[in-house]
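Q: Enclosed is the structure file my_file_11.txt (compact mmCIF, C-alpha atoms and all ligand atoms).
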# COMPACT_ATOMS: atom_id res chain seq x y z
CA MET F 579 -152.21 8.77 -73.37
CA SER F 580 -151.45 6.34 -70.61
CA CYS F 581 -150.42 8.23 -67.52
CA MET F 582 -149.31 5.70 -64.95
CA GLN F 583 -147.79 8.04 -62.41
CA GLU F 584 -144.58 6.89 -60.85
CA GLU F 585 -144.70 6.33 -57.09
CA ILE F 586 -141.77 7.64 -55.10
CA LEU F 587 -143.06 6.28 -51.79
CA LYS F 588 -145.32 3.35 -51.13
CA ILE F 589 -146.32 2.41 -47.60
CA GLU F 590 -147.87 -1.01 -47.13
CA ASP F 591 -149.87 -2.04 -44.06
CA LEU F 592 -147.59 -0.06 -41.76
CA LYS F 593 -147.98 -0.57 -38.02
CA VAL F 594 -146.09 1.39 -35.39
CA TYR F 595 -146.88 0.30 -31.84
CA PHE F 596 -145.29 1.78 -28.74
CA PRO F 597 -145.12 -0.53 -25.69
CA VAL F 598 -146.16 0.99 -22.38
CA LYS F 599 -145.93 -0.60 -18.95
CA TRP F 600 -149.32 -0.98 -17.39
CA GLY F 601 -151.11 -2.08 -14.24
CA LEU F 602 -150.43 -1.64 -10.55
CA LEU F 603 -147.03 -3.32 -10.71
CA ARG F 604 -146.30 -2.08 -14.23
CA LYS F 605 -145.72 -5.67 -15.28
CA GLU F 606 -148.35 -5.77 -17.96
CA VAL F 607 -147.46 -4.36 -21.36
CA LYS F 608 -150.01 -2.62 -23.52
CA TYR F 609 -149.46 -1.03 -26.88
CA VAL F 610 -150.22 2.44 -28.16
CA LYS F 611 -151.22 1.65 -31.73
CA ALA F 612 -150.09 5.02 -33.08
CA VAL F 613 -150.13 3.84 -36.71
CA ASP F 614 -152.27 0.76 -37.28
CA GLY F 615 -152.28 -0.64 -40.79
CA VAL F 616 -151.71 2.39 -42.99
CA ASN F 617 -151.28 2.23 -46.76
CA LEU F 618 -150.08 5.30 -48.62
CA ASN F 619 -149.00 5.91 -52.21
CA VAL F 620 -147.16 9.11 -52.95
CA GLU F 621 -146.64 10.06 -56.57
CA LYS F 622 -143.41 11.65 -57.72
CA GLY F 623 -143.74 15.43 -57.93
CA SER F 624 -146.99 15.56 -55.97
CA ILE F 625 -147.95 17.24 -52.72
CA HIS F 626 -149.64 14.75 -50.42
CA ALA F 627 -151.35 16.16 -47.32
CA ILE F 628 -152.08 14.21 -44.14
CA VAL F 629 -154.76 15.62 -41.86
CA GLY F 630 -156.43 14.49 -38.64
CA GLU F 631 -156.90 15.52 -35.03
CA SER F 632 -154.16 15.50 -32.45
CA GLY F 633 -152.99 11.97 -31.67
CA SER F 634 -154.13 10.43 -34.95
CA GLY F 635 -150.58 9.25 -35.73
CA LYS F 636 -149.47 11.79 -38.34
CA THR F 637 -146.10 12.62 -36.80
CA THR F 638 -145.43 8.98 -35.95
CA LEU F 639 -146.05 8.10 -39.59
CA LEU F 640 -143.57 10.76 -40.79
CA ARG F 641 -140.98 9.83 -38.16
CA THR F 642 -141.23 6.19 -39.23
CA VAL F 643 -140.71 7.11 -42.88
CA LEU F 644 -137.63 9.01 -41.66
CA ARG F 645 -136.64 5.81 -39.83
CA LEU F 646 -136.53 7.63 -36.51
CA HIS F 647 -138.91 4.84 -35.44
CA LYS F 648 -138.63 1.28 -36.63
CA PRO F 649 -141.93 -0.09 -37.93
CA THR F 650 -143.61 -2.80 -35.87
CA SER F 651 -144.62 -4.36 -39.20
CA GLY F 652 -145.32 -3.42 -42.79
CA ARG F 653 -143.17 -2.07 -45.60
CA ILE F 654 -141.91 1.35 -46.67
CA LEU F 655 -140.85 1.30 -50.31
CA PHE F 656 -138.82 4.27 -51.49
CA ASP F 657 -138.18 4.23 -55.20
CA GLY F 658 -139.04 0.54 -55.10
CA GLU F 659 -136.66 -0.40 -52.27
CA ASP F 660 -137.96 -1.47 -48.85
CA ILE F 661 -136.14 0.70 -46.30
CA SER F 662 -138.16 -0.42 -43.28
CA GLU F 663 -135.64 -3.02 -42.14
CA LEU F 664 -132.39 -1.55 -43.47
CA PRO F 665 -129.69 -1.22 -40.80
CA GLU F 666 -128.54 2.34 -40.07
CA SER F 667 -125.26 1.66 -41.89
CA GLN F 668 -127.22 1.21 -45.15
CA LEU F 669 -129.49 4.22 -44.74
CA LYS F 670 -127.05 6.94 -45.74
CA GLY F 671 -128.20 7.21 -49.35
CA TYR F 672 -131.81 7.22 -48.22
CA ARG F 673 -131.15 9.93 -45.65
CA ARG F 674 -129.68 12.14 -48.38
CA ARG F 675 -132.78 11.72 -50.54
CA VAL F 676 -135.45 12.13 -47.86
CA GLN F 677 -135.35 15.25 -45.71
CA ALA F 678 -137.74 16.89 -43.24
CA VAL F 679 -138.90 20.26 -41.98
CA PHE F 680 -140.55 20.36 -38.57
CA GLN F 681 -143.08 22.63 -36.95
CA ASN F 682 -140.86 24.80 -34.82
CA PRO F 683 -137.57 25.91 -36.40
CA GLN F 684 -136.49 27.55 -33.15
CA THR F 685 -136.33 24.13 -31.52
CA SER F 686 -135.35 22.01 -34.55
CA LEU F 687 -132.26 24.12 -35.37
CA ASN F 688 -129.19 24.15 -33.13
CA PRO F 689 -129.33 27.57 -31.40
CA LYS F 690 -125.56 27.73 -30.93
CA TRP F 691 -124.61 27.22 -34.55
CA LYS F 692 -124.30 29.85 -37.24
CA VAL F 693 -126.75 29.61 -40.12
CA ARG F 694 -123.91 28.75 -42.53
CA ASP F 695 -122.98 25.67 -40.49
CA ILE F 696 -126.58 24.60 -39.99
CA ILE F 697 -127.08 24.57 -43.76
CA ALA F 698 -123.63 23.11 -44.50
CA GLU F 699 -123.88 20.15 -42.11
CA PRO F 700 -125.93 17.80 -44.34
CA ILE F 701 -123.81 18.82 -47.35
CA ARG F 702 -120.64 17.88 -45.49
CA ILE F 703 -122.16 14.55 -44.46
CA HIS F 704 -123.68 13.58 -47.78
CA MET F 705 -121.82 15.28 -50.60
CA ASP F 706 -118.20 14.95 -51.52
CA LEU F 707 -117.37 18.65 -51.94
CA SER F 708 -114.38 20.83 -51.13
CA GLU F 709 -114.92 23.43 -48.38
CA ASP F 710 -114.93 26.13 -51.09
CA ASP F 711 -117.71 24.35 -52.93
CA VAL F 712 -119.65 23.76 -49.70
CA GLU F 713 -119.46 27.51 -49.11
CA LYS F 714 -120.69 28.26 -52.64
CA ARG F 715 -123.54 25.79 -52.26
CA VAL F 716 -124.60 27.34 -48.92
CA GLU F 717 -124.68 30.81 -50.53
CA GLU F 718 -126.75 29.48 -53.42
CA LEU F 719 -129.20 27.80 -51.03
CA VAL F 720 -129.63 31.00 -49.03
CA ARG F 721 -130.50 32.78 -52.28
CA LEU F 722 -132.98 30.02 -53.20
CA VAL F 723 -134.93 30.55 -49.97
CA ASN F 724 -134.78 34.36 -50.35
CA LEU F 725 -132.65 35.16 -47.33
CA PRO F 726 -129.91 37.83 -47.32
CA GLN F 727 -126.32 36.55 -47.24
CA SER F 728 -125.79 38.70 -44.14
CA LEU F 729 -127.78 36.15 -42.16
CA LEU F 730 -125.14 33.46 -42.65
CA ASP F 731 -123.18 34.54 -39.58
CA GLN F 732 -126.19 34.80 -37.30
CA SER F 733 -127.65 32.07 -35.10
CA PRO F 734 -131.28 30.90 -34.81
CA PRO F 735 -132.18 32.89 -31.66
CA SER F 736 -131.61 36.17 -33.53
CA LEU F 737 -133.85 35.16 -36.47
CA SER F 738 -137.57 35.71 -36.87
CA GLY F 739 -139.77 32.59 -37.05
CA GLY F 740 -140.13 32.98 -40.81
CA GLN F 741 -136.39 33.44 -41.34
CA ALA F 742 -135.63 30.42 -39.16
CA GLN F 743 -138.08 28.28 -41.14
CA ARG F 744 -136.37 29.43 -44.38
CA VAL F 745 -133.06 28.23 -42.89
CA ALA F 746 -134.68 24.88 -42.05
CA ILE F 747 -135.94 24.65 -45.64
CA ALA F 748 -132.50 25.56 -47.06
CA ARG F 749 -130.99 22.81 -44.91
CA ALA F 750 -133.63 20.33 -46.06
CA ILE F 751 -132.99 20.98 -49.76
CA SER F 752 -129.20 21.18 -49.34
CA THR F 753 -128.57 17.55 -50.31
CA SER F 754 -130.78 17.68 -53.42
CA PRO F 755 -133.38 15.36 -51.92
CA ASP F 756 -136.32 13.87 -53.81
CA LEU F 757 -138.84 13.81 -50.97
CA ILE F 758 -139.38 16.30 -48.16
CA LEU F 759 -141.59 15.57 -45.17
CA LEU F 760 -143.18 18.71 -43.74
CA ASP F 761 -144.72 18.40 -40.27
CA GLU F 762 -146.93 21.44 -39.66
CA PRO F 763 -144.33 23.68 -41.34
CA THR F 764 -146.29 26.90 -40.87
CA SER F 765 -148.37 26.42 -37.74
CA ALA F 766 -145.79 27.99 -35.40
CA LEU F 767 -145.52 31.09 -37.61
CA ASP F 768 -147.40 34.38 -37.71
CA VAL F 769 -150.36 34.24 -40.07
CA SER F 770 -148.76 36.97 -42.22
CA VAL F 771 -145.67 34.80 -42.77
CA GLN F 772 -147.46 31.49 -43.36
CA ALA F 773 -148.45 32.22 -46.97
CA GLN F 774 -144.90 33.35 -47.82
CA ILE F 775 -143.48 30.06 -46.58
CA LEU F 776 -146.12 28.03 -48.44
CA ASN F 777 -145.37 29.97 -51.63
CA LEU F 778 -141.66 29.40 -51.16
CA LEU F 779 -142.31 25.66 -50.79
CA LEU F 780 -144.49 25.63 -53.92
CA GLY F 781 -141.81 27.48 -55.92
CA LEU F 782 -139.06 25.12 -54.77
CA ARG F 783 -141.18 22.11 -55.60
CA ASP F 784 -141.45 23.30 -59.21
CA GLU F 785 -137.87 24.50 -59.49
CA LEU F 786 -136.24 21.43 -57.93
CA GLY F 787 -138.78 18.75 -58.85
CA LEU F 788 -139.51 17.85 -55.24
CA THR F 789 -142.24 15.69 -53.73
CA TYR F 790 -143.81 16.77 -50.43
CA ILE F 791 -145.76 15.02 -47.72
CA ILE F 792 -147.26 17.75 -45.59
CA VAL F 793 -148.91 17.17 -42.22
CA THR F 794 -151.26 19.96 -41.27
CA HIS F 795 -154.24 20.84 -39.09
CA ASP F 796 -155.13 23.63 -41.44
CA ILE F 797 -157.65 22.71 -44.14
CA SER F 798 -156.89 25.93 -46.04
CA VAL F 799 -153.28 24.70 -46.39
CA VAL F 800 -154.59 21.45 -47.89
CA ARG F 801 -156.82 23.39 -50.25
CA TYR F 802 -153.95 25.64 -51.31
CA MET F 803 -151.18 23.06 -51.64
CA ALA F 804 -152.30 19.48 -51.91
CA ASP F 805 -152.83 17.20 -54.88
CA TYR F 806 -153.81 14.28 -52.64
CA VAL F 807 -155.05 14.10 -49.09
CA THR F 808 -155.14 11.31 -46.52
CA VAL F 809 -157.40 11.72 -43.49
CA MET F 810 -156.26 9.82 -40.39
CA TYR F 811 -158.16 8.99 -37.22
CA LEU F 812 -156.59 7.07 -34.32
CA GLY F 813 -153.90 5.41 -36.39
CA LYS F 814 -156.11 4.53 -39.37
CA VAL F 815 -156.81 6.06 -42.76
CA VAL F 816 -160.53 6.89 -42.88
CA GLU F 817 -160.61 8.70 -46.23
CA GLU F 818 -158.14 9.50 -48.98
CA GLY F 819 -157.97 10.66 -52.53
CA GLN F 820 -157.45 13.48 -54.94
CA ALA F 821 -157.63 16.65 -52.85
CA ASP F 822 -160.46 18.35 -54.77
CA LEU F 823 -162.61 15.19 -54.59
CA VAL F 824 -162.11 14.76 -50.85
CA LEU F 825 -162.50 18.47 -50.03
CA ASN F 826 -165.51 19.11 -52.25
CA ASN F 827 -167.23 15.77 -51.74
CA PRO F 828 -166.16 14.47 -48.32
CA MET F 829 -167.86 11.19 -47.47
CA HIS F 830 -166.59 10.03 -44.10
CA PRO F 831 -168.43 11.69 -41.19
CA TYR F 832 -165.03 12.43 -39.65
CA THR F 833 -163.81 14.27 -42.77
CA ILE F 834 -167.09 16.17 -42.98
CA ALA F 835 -166.67 17.16 -39.33
CA LEU F 836 -163.08 18.32 -39.90
CA LEU F 837 -164.24 20.43 -42.84
CA SER F 838 -167.29 21.68 -40.93
CA SER F 839 -165.10 23.12 -38.22
CA VAL F 840 -163.55 25.67 -40.59
CA PRO F 841 -165.25 28.30 -42.75
CA GLN F 842 -165.76 26.87 -46.23
CA PRO F 843 -166.02 28.63 -49.54
CA GLU F 844 -169.73 27.79 -49.70
CA ALA F 845 -170.08 28.37 -53.41
CA GLU F 846 -167.74 25.51 -54.14
CA ILE F 847 -169.57 22.95 -52.03
CA PRO F 848 -173.23 23.86 -51.89
CA THR F 849 -174.38 20.38 -50.96
CA MET F 850 -172.10 19.78 -48.03
CA LYS F 851 -173.84 18.97 -44.82
CA ARG F 852 -172.25 20.06 -41.61
CA ILE F 853 -171.51 17.56 -38.87
CA GLU F 854 -170.18 18.14 -35.43
CA ILE F 855 -168.16 15.45 -33.74
CA SER F 856 -167.89 16.29 -30.09
CA GLY F 857 -165.40 15.37 -27.42
CA GLU F 858 -161.81 14.25 -27.59
CA PRO F 859 -160.62 11.23 -29.54
CA PRO F 860 -160.33 8.11 -27.34
CA SER F 861 -156.88 6.85 -26.40
CA ALA F 862 -154.86 4.95 -29.00
CA LEU F 863 -154.08 2.58 -26.13
CA ASP F 864 -157.62 1.26 -26.11
CA PRO F 865 -159.23 2.17 -29.41
CA PRO F 866 -162.96 1.38 -29.73
CA LYS F 867 -163.91 -1.90 -31.42
CA GLY F 868 -165.41 -1.82 -34.89
CA CYS F 869 -165.15 1.60 -36.49
CA ARG F 870 -162.92 3.66 -34.20
CA LEU F 871 -165.12 6.70 -34.67
CA HIS F 872 -168.38 5.03 -33.62
CA PRO F 873 -168.62 6.44 -30.05
CA ARG F 874 -168.47 9.96 -31.51
CA CYS F 875 -170.30 9.45 -34.79
CA PRO F 876 -173.88 10.73 -35.15
CA TYR F 877 -174.59 8.02 -37.79
CA ALA F 878 -173.24 5.00 -35.87
CA MET F 879 -175.18 1.78 -36.53
CA ASP F 880 -174.89 -1.66 -34.89
CA LEU F 881 -172.51 -2.80 -37.61
CA CYS F 882 -170.15 0.10 -36.82
CA ARG F 883 -169.82 -1.05 -33.21
CA SER F 884 -168.76 -4.57 -34.12
CA GLN F 885 -166.95 -4.51 -37.44
CA GLU F 886 -164.23 -2.36 -38.81
CA PRO F 887 -165.14 -0.84 -42.18
CA PRO F 888 -162.60 -1.51 -44.97
CA LEU F 889 -161.18 1.32 -47.05
CA VAL F 890 -163.05 1.06 -50.37
CA GLU F 891 -163.07 3.02 -53.59
CA VAL F 892 -166.20 5.17 -53.88
CA GLU F 893 -165.14 6.85 -57.11
CA ALA F 894 -161.90 6.93 -59.07
CA LYS F 895 -159.10 8.34 -56.87
CA HIS F 896 -161.32 8.52 -53.78
CA LYS F 897 -161.54 5.92 -50.99
CA VAL F 898 -163.55 5.86 -47.78
CA ALA F 899 -163.66 3.52 -44.78
CA CYS F 900 -167.24 3.89 -43.54
CA TRP F 901 -170.19 1.49 -43.45
CA LEU F 902 -172.42 4.27 -44.81
CA HIS F 903 -170.53 3.91 -48.08
CA ARG F 904 -170.41 0.21 -48.82
CA PRO F 905 -168.92 -1.05 -52.03
CA LYS F 906 -171.57 -1.67 -54.68
N1 LIG P 1001 -142.48 7.72 -28.56
C1 LIG P 1001 -143.73 7.45 -28.18
N2 LIG P 1001 -144.00 6.60 -27.16
C2 LIG P 1001 -145.27 6.30 -26.80
N3 LIG P 1001 -146.37 6.82 -27.38
C3 LIG P 1001 -146.16 7.68 -28.41
C4 LIG P 1001 -144.85 8.05 -28.86
N4 LIG P 1001 -144.98 8.93 -29.88
C5 LIG P 1001 -146.30 9.10 -30.06
N5 LIG P 1001 -147.02 8.35 -29.18
C6 LIG P 1001 -148.49 8.24 -29.12
O1 LIG P 1001 -148.94 7.86 -30.41
C7 LIG P 1001 -150.15 8.52 -30.75
C8 LIG P 1001 -149.98 9.32 -32.03
O2 LIG P 1001 -149.12 10.42 -31.78
P1 LIG P 1001 -148.62 11.39 -32.94
O3 LIG P 1001 -147.67 12.36 -32.33
O4 LIG P 1001 -148.13 10.60 -34.10
O5 LIG P 1001 -149.96 12.14 -33.35
P2 LIG P 1001 -150.20 13.40 -34.30
O6 LIG P 1001 -151.28 13.02 -35.24
O7 LIG P 1001 -148.91 13.86 -34.88
O8 LIG P 1001 -150.76 14.49 -33.27
P3 LIG P 1001 -150.55 16.10 -33.25
O9 LIG P 1001 -151.56 16.64 -34.20
O10 LIG P 1001 -150.87 16.46 -31.81
O11 LIG P 1001 -149.15 16.41 -33.63
C9 LIG P 1001 -150.51 9.36 -29.54
O12 LIG P 1001 -151.41 8.62 -28.74
C10 LIG P 1001 -149.18 9.56 -28.84
O13 LIG P 1001 -149.36 9.77 -27.46
MG MG P 1002 -147.86 15.65 -34.77
Starting from the file, lay out its structure as C-alpha cells.

A:
Amino acid sequence: MSCMQEEILKIEDLKVYFPVKWGLLRKEVKYVKAVDGVNLNVEKGSIHAIVGESGSGKTTLLRTVLRLHKPTSGRILFDGEDISELPESQLKGYRRRVQAVFQNPQTSLNPKWKVRDIIAEPIRIHMDLSEDDVEKRVEELVRLVNLPQSLLDQSPPSLSGGQAQRVAIARAISTSPDLILLDEPTSALDVSVQAQILNLLLGLRDELGLTYIIVTHDISVVRYMADYVTVMYLGKVVEEGQADLVLNNPMHPYTIALLSSVPQPEAEIPTMKRIEISGEPPSALDPPKGCRLHPRCPYAMDLCRSQEPPLVEVEAKHKVACWLHRPK
C-alpha cells in the first residue's frame, strides 16, 4: 500500500523580518528575524503542533500563513498554490478555506456584537446564502459546538471563557474551511475547561475533515492532540517529526529541555535524560552566530559557535538541527 499523504500546506524557506529603527538617531535599520528560513509540511487531516519558548516566532508564522503579514521571502503553498504574493483582491477564496482561533476569545471577538452576528459575519462574506439560510447555518453551528441556542442573543462579555472560545470555534468553522490555525486556543481558559475545548476540536476535526496547526506552550496538549510536532527556537526549526517520535525520543537539547520542564509519564520514556536550559532566549534582533542555542546549551562545542547546524533526518519522520546528531 503506497500511502503518499497529501499536503494541504507547504511552507518553503519562509522568512519574516520586521524592520526596526536603531541607533542614537534612529537612522540605522535592523531586522527582527522573527521567522528565519522555516520549512513546514502539513498533511491533510493531520494535527500539526508548533512549540517553543516565547518569542520563537510561532505566532508570526501563523499570522503570515493567514497573510496578516507579508513574507519577506519564501513560499506558502496551499493546496499547491503559492499564496505568499497574492494581492488581497485574490485572497478571498483562500480566506474562506483557512480560518483561525486565537488565544483569548474575549479580545478576539467583538464585544458589542451578538453571538449570532459574530458567527454569521464570515458566512455573509464568503457564502452566497439567503438571510434565512444564514440563520439556519448559525443555529446548526451553535449545535455543533454544543452551545445552547439561547446564547445567540448574548454578547461576548456575558459569556464564560469556555463559551466564548466555542463561539470563536463556531465562527472559524462557519465557512467550511479546510485548515484551522489555533494559537494557544486553551491557554487563557480554566484548566477544567481546557480538556472540553480540546475534545470539541478533536471531534470537529473528525466530523468535518479539518486540518489543524496548533501553537501551544503545553506539552500535554501536544501529547494529547498532535500527529506531528515542530519545535522552534528564535525563528528556526530545531526539531520536527511524528509527535510520538519527537516526544518519546527527543534529540535536540532544546527539545529535551522543553520536555524536562514538565512532568513526564516516566514509564513511556525511561531513557530520557533531563536537561535544564537556563536564562531567557537572546533577542531575535541579534541572534547568536552558529547554532542559535549555543550560549545556553550545556553541550555546546566549538563547531556550534561558528556554524549553523542543518536540519537533517535522524530516522524516518524525525529531523534534528544539532551538531550532536550529524548525518551518517
Ligand atoms: N509586528 C512586529 N513588529 C516587530 N517585531 C515583532 C512583531 N511581531 C513579532 N515581533 C517579534 O518577533 C519575534 C517573534 O514573536 P512571536 O510573537 O511570533 O513569538 P511567539 O513564539 O508567538 O511567542 P509567544 O509564545 O510569546 O506568543 C519576537 O522577537 C517579537 O518581539
Ligand atoms: Mg505567540

Q: Find the residues near range 790-793 of chain F: any atom within 6 Å, counting all atoms listed in the file, skip ones fewer than 5 places away on the same chain, and give them as JSON, numbers by chain.

A: {"F": [625, 626, 627, 628, 757, 758, 759, 760, 761, 762]}

Q: To check your reading of the model: which residues sit at most 8 Å from ligand LIG 1001 (chain P) when counting only C-alpha atoms and all ligand atoms? Write the answer as a list in words.

A: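 Taking only C-alpha atoms and all ligand atoms into account, the residues around ligand LIG 1001 (chain P) at most 8 Å away are Tyr595, Phe596, Pro597, Val598, Val610, Lys611, Ala612, Val613, Val629, Gly630, Glu631, Ser632, Gly633, Ser634, Gly635, Lys636, Thr637, Thr638, Leu639, Thr794, His795, Met810, Leu812, Gly813, Ser861, Ala862 and Leu863 of chain F.
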
Q: To one decimal place in Å, what is the distance between CA of Val799 in chain F and CA of Leu737 in chain F?

A: 24.2 Å

Q: Using all atoms listed in the file, which residue out of F:Ile853, F:Val745, F:Ile586, F:Val815 lies closest to Val676 in chain F?

A: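 Looking only at the distances to Val676 in chain F, the closest residue turns out to be F:Ile586.
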
Q: Using Å and a single decimal, report how far CA of Pro888 in chain F sits from CA of Cys900 in chain F.

A: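 Here the two named atoms are 7.3 Å from each other.
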
Q: Out of F:Lys608, F:Arg721, F:His903, F:Lys648, which residue has the shortest atom-to-atom distance to Asp864 in chain F when counting only C-alpha atoms?

A: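 Closest to Asp864 in chain F, using only C-alpha atoms: F:Lys608.
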
Q: Hey, can you check how far CA of Glu590 in chain F sits from CA of Arg645 in chain F?

A: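 The value is 15.0 Å.
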
Q: List the neighbours of Gly671 in chain F out to 12 Å using all atoms listed in the file; skip same-chain residues closer than 6 positions along the sequence, and give me the result as a list in words.

A: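 Selected residues are Phe656, Asp657, Glu659, Ile661, Leu664, Gln677, Pro700, Ile703, His704, Met705, Thr753, Ser754, Pro755 and Asp756 of chain F.
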
Q: Can you work out which one of F:Val720, F:Gly739, F:Gly652, F:Asp711 has the shortest atom-to-atom distance to Asp768 in chain F, counting all atoms listed in the file?

A: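 Checking each of F:Val720, F:Gly739, F:Gly652, F:Asp711 against Asp768 in chain F, counting all atoms listed in the file, the winner is F:Gly739.
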
Q: I need the residue nearest ligand MG 1002 (chain P) from this list: F:Val607, F:Leu825, F:Asn682, F:Asn619. Use all atoms listed in the file for the distance.

A: F:Asn682

Q: Can you sort out the box for range 623-638 of chain F, edges along x, y and z, all listed atoms in, 3 Å on every side, with centre and edge lengths in Å to one decimal, as lines of an AutoDock Vina configuration file?

A:
center_x = -150.3
center_y = 13.1
center_z = -44.8
size_x = 19.2
size_y = 14.3
size_z = 32.3

Q: Mind listing whatever residues come within 9 Å of the point (-142.4, 33.8, -47.6)? Use all atoms listed in the file, file coordinates, and give them as a VMD selection string.

A: chain F and resid 723 to 724 740 to 741 744 770 to 779

Q: With C-alpha atoms retained, export the selected residues as a short mmCIF file (atom, residue, chain, number, x, y, z; two decimals), in the frame of the given file.

A:
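Output below, filename part-v9.cif:
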data_model
loop_
_atom_site.label_atom_id
_atom_site.label_comp_id
_atom_site.auth_asym_id
_atom_site.auth_seq_id
_atom_site.Cartn_x
_atom_site.Cartn_y
_atom_site.Cartn_z
CA VAL F 723 -134.93 30.55 -49.97
CA ASN F 724 -134.78 34.36 -50.35
CA GLY F 740 -140.13 32.98 -40.81
CA GLN F 741 -136.39 33.44 -41.34
CA ARG F 744 -136.37 29.43 -44.38
CA SER F 770 -148.76 36.97 -42.22
CA VAL F 771 -145.67 34.80 -42.77
CA GLN F 772 -147.46 31.49 -43.36
CA ALA F 773 -148.45 32.22 -46.97
CA GLN F 774 -144.90 33.35 -47.82
CA ILE F 775 -143.48 30.06 -46.58
CA LEU F 776 -146.12 28.03 -48.44
CA ASN F 777 -145.37 29.97 -51.63
CA LEU F 778 -141.66 29.40 -51.16
CA LEU F 779 -142.31 25.66 -50.79
#

Q: Go through F:Asn826, F:Ser765, F:Ser651, F:Gln885 and flag the residue nearest ligand MG 1002 (chain P), using only C-alpha atoms and all ligand atoms for the distances.

A: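 Among F:Asn826, F:Ser765, F:Ser651, F:Gln885, it is F:Ser765 that comes nearest to ligand MG 1002 (chain P).
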
Q: For Glu717 in chain F, please output as a VMD selection string all residues within 12 Å (counting all atoms listed in the file; exclusion window: fewer than 4 positions along the same chain).

A: chain F and resid 693 to 695 697 to 698 710 to 713 721 to 731 745 748 to 749 752

Q: Keeping C-alpha atoms, export the residues of the selection given above as a short mmCIF file (atom, residue, chain, number, x, y, z; two decimals), keeping the file's coordinate frame.

A:
data_model
loop_
_atom_site.label_atom_id
_atom_site.label_comp_id
_atom_site.auth_asym_id
_atom_site.auth_seq_id
_atom_site.Cartn_x
_atom_site.Cartn_y
_atom_site.Cartn_z
CA VAL F 693 -126.75 29.61 -40.12
CA ARG F 694 -123.91 28.75 -42.53
CA ASP F 695 -122.98 25.67 -40.49
CA ILE F 697 -127.08 24.57 -43.76
CA ALA F 698 -123.63 23.11 -44.50
CA ASP F 710 -114.93 26.13 -51.09
CA ASP F 711 -117.71 24.35 -52.93
CA VAL F 712 -119.65 23.76 -49.70
CA GLU F 713 -119.46 27.51 -49.11
CA ARG F 721 -130.50 32.78 -52.28
CA LEU F 722 -132.98 30.02 -53.20
CA VAL F 723 -134.93 30.55 -49.97
CA ASN F 724 -134.78 34.36 -50.35
CA LEU F 725 -132.65 35.16 -47.33
CA PRO F 726 -129.91 37.83 -47.32
CA GLN F 727 -126.32 36.55 -47.24
CA SER F 728 -125.79 38.70 -44.14
CA LEU F 729 -127.78 36.15 -42.16
CA LEU F 730 -125.14 33.46 -42.65
CA ASP F 731 -123.18 34.54 -39.58
CA VAL F 745 -133.06 28.23 -42.89
CA ALA F 748 -132.50 25.56 -47.06
CA ARG F 749 -130.99 22.81 -44.91
CA SER F 752 -129.20 21.18 -49.34
#

Q: Name the closest residue to Leu767 in chain F among the candidates F:Gly819, F:Pro860, F:Pro683, F:Pro866; distances are taken between atoms, counting only C-alpha atoms.

A: F:Pro683

Q: Write range 679-691 of chain F as a PDB file, in the frame of the given file, completed to N, CA and C atoms.

A:
ATOM      1  N   VAL F 679    -138.790  18.945 -42.616  1.00  0.00           N
ATOM      2  CA  VAL F 679    -138.900  20.260 -41.980  1.00  0.00           C
ATOM      3  C   VAL F 679    -139.974  20.134 -40.901  1.00  0.00           C
ATOM      4  N   PHE F 680    -139.622  20.538 -39.683  1.00  0.00           N
ATOM      5  CA  PHE F 680    -140.550  20.360 -38.570  1.00  0.00           C
ATOM      6  C   PHE F 680    -141.267  21.663 -38.230  1.00  0.00           C
ATOM      7  N   GLN F 681    -142.192  21.528 -37.286  1.00  0.00           N
ATOM      8  CA  GLN F 681    -143.080  22.630 -36.950  1.00  0.00           C
ATOM      9  C   GLN F 681    -142.345  23.870 -36.442  1.00  0.00           C
ATOM     10  N   ASN F 682    -141.439  23.649 -35.491  1.00  0.00           N
ATOM     11  CA  ASN F 682    -140.860  24.800 -34.820  1.00  0.00           C
ATOM     12  C   ASN F 682    -139.365  24.914 -35.099  1.00  0.00           C
ATOM     13  N   PRO F 683    -138.987  25.816 -36.027  1.00  0.00           N
ATOM     14  CA  PRO F 683    -137.570  25.910 -36.400  1.00  0.00           C
ATOM     15  C   PRO F 683    -136.707  26.348 -35.227  1.00  0.00           C
ATOM     16  N   GLN F 684    -137.310  27.076 -34.279  1.00  0.00           N
ATOM     17  CA  GLN F 684    -136.490  27.550 -33.150  1.00  0.00           C
ATOM     18  C   GLN F 684    -136.072  26.400 -32.243  1.00  0.00           C
ATOM     19  N   THR F 685    -136.791  25.277 -32.310  1.00  0.00           N
ATOM     20  CA  THR F 685    -136.330  24.130 -31.520  1.00  0.00           C
ATOM     21  C   THR F 685    -135.664  23.060 -32.394  1.00  0.00           C
ATOM     22  N   SER F 686    -135.949  23.060 -33.714  1.00  0.00           N
ATOM     23  CA  SER F 686    -135.350  22.010 -34.550  1.00  0.00           C
ATOM     24  C   SER F 686    -133.952  22.400 -35.041  1.00  0.00           C
ATOM     25  N   LEU F 687    -133.602  23.692 -34.949  1.00  0.00           N
ATOM     26  CA  LEU F 687    -132.260  24.120 -35.370  1.00  0.00           C
ATOM     27  C   LEU F 687    -131.379  24.347 -34.144  1.00  0.00           C
ATOM     28  N   ASN F 688    -130.116  23.972 -34.248  1.00  0.00           N
ATOM     29  CA  ASN F 688    -129.190  24.150 -33.130  1.00  0.00           C
ATOM     30  C   ASN F 688    -128.972  25.647 -32.867  1.00  0.00           C
ATOM     31  N   PRO F 689    -129.372  26.126 -31.670  1.00  0.00           N
ATOM     32  CA  PRO F 689    -129.330  27.570 -31.400  1.00  0.00           C
ATOM     33  C   PRO F 689    -127.912  28.127 -31.327  1.00  0.00           C
ATOM     34  N   LYS F 690    -126.930  27.246 -31.119  1.00  0.00           N
ATOM     35  CA  LYS F 690    -125.560  27.730 -30.930  1.00  0.00           C
ATOM     36  C   LYS F 690    -124.793  27.830 -32.245  1.00  0.00           C
ATOM     37  N   TRP F 691    -125.342  27.235 -33.285  1.00  0.00           N
ATOM     38  CA  TRP F 691    -124.610  27.220 -34.550  1.00  0.00           C
ATOM     39  C   TRP F 691    -124.953  28.447 -35.391  1.00  0.00           C
TER      40      TRP F 691
END
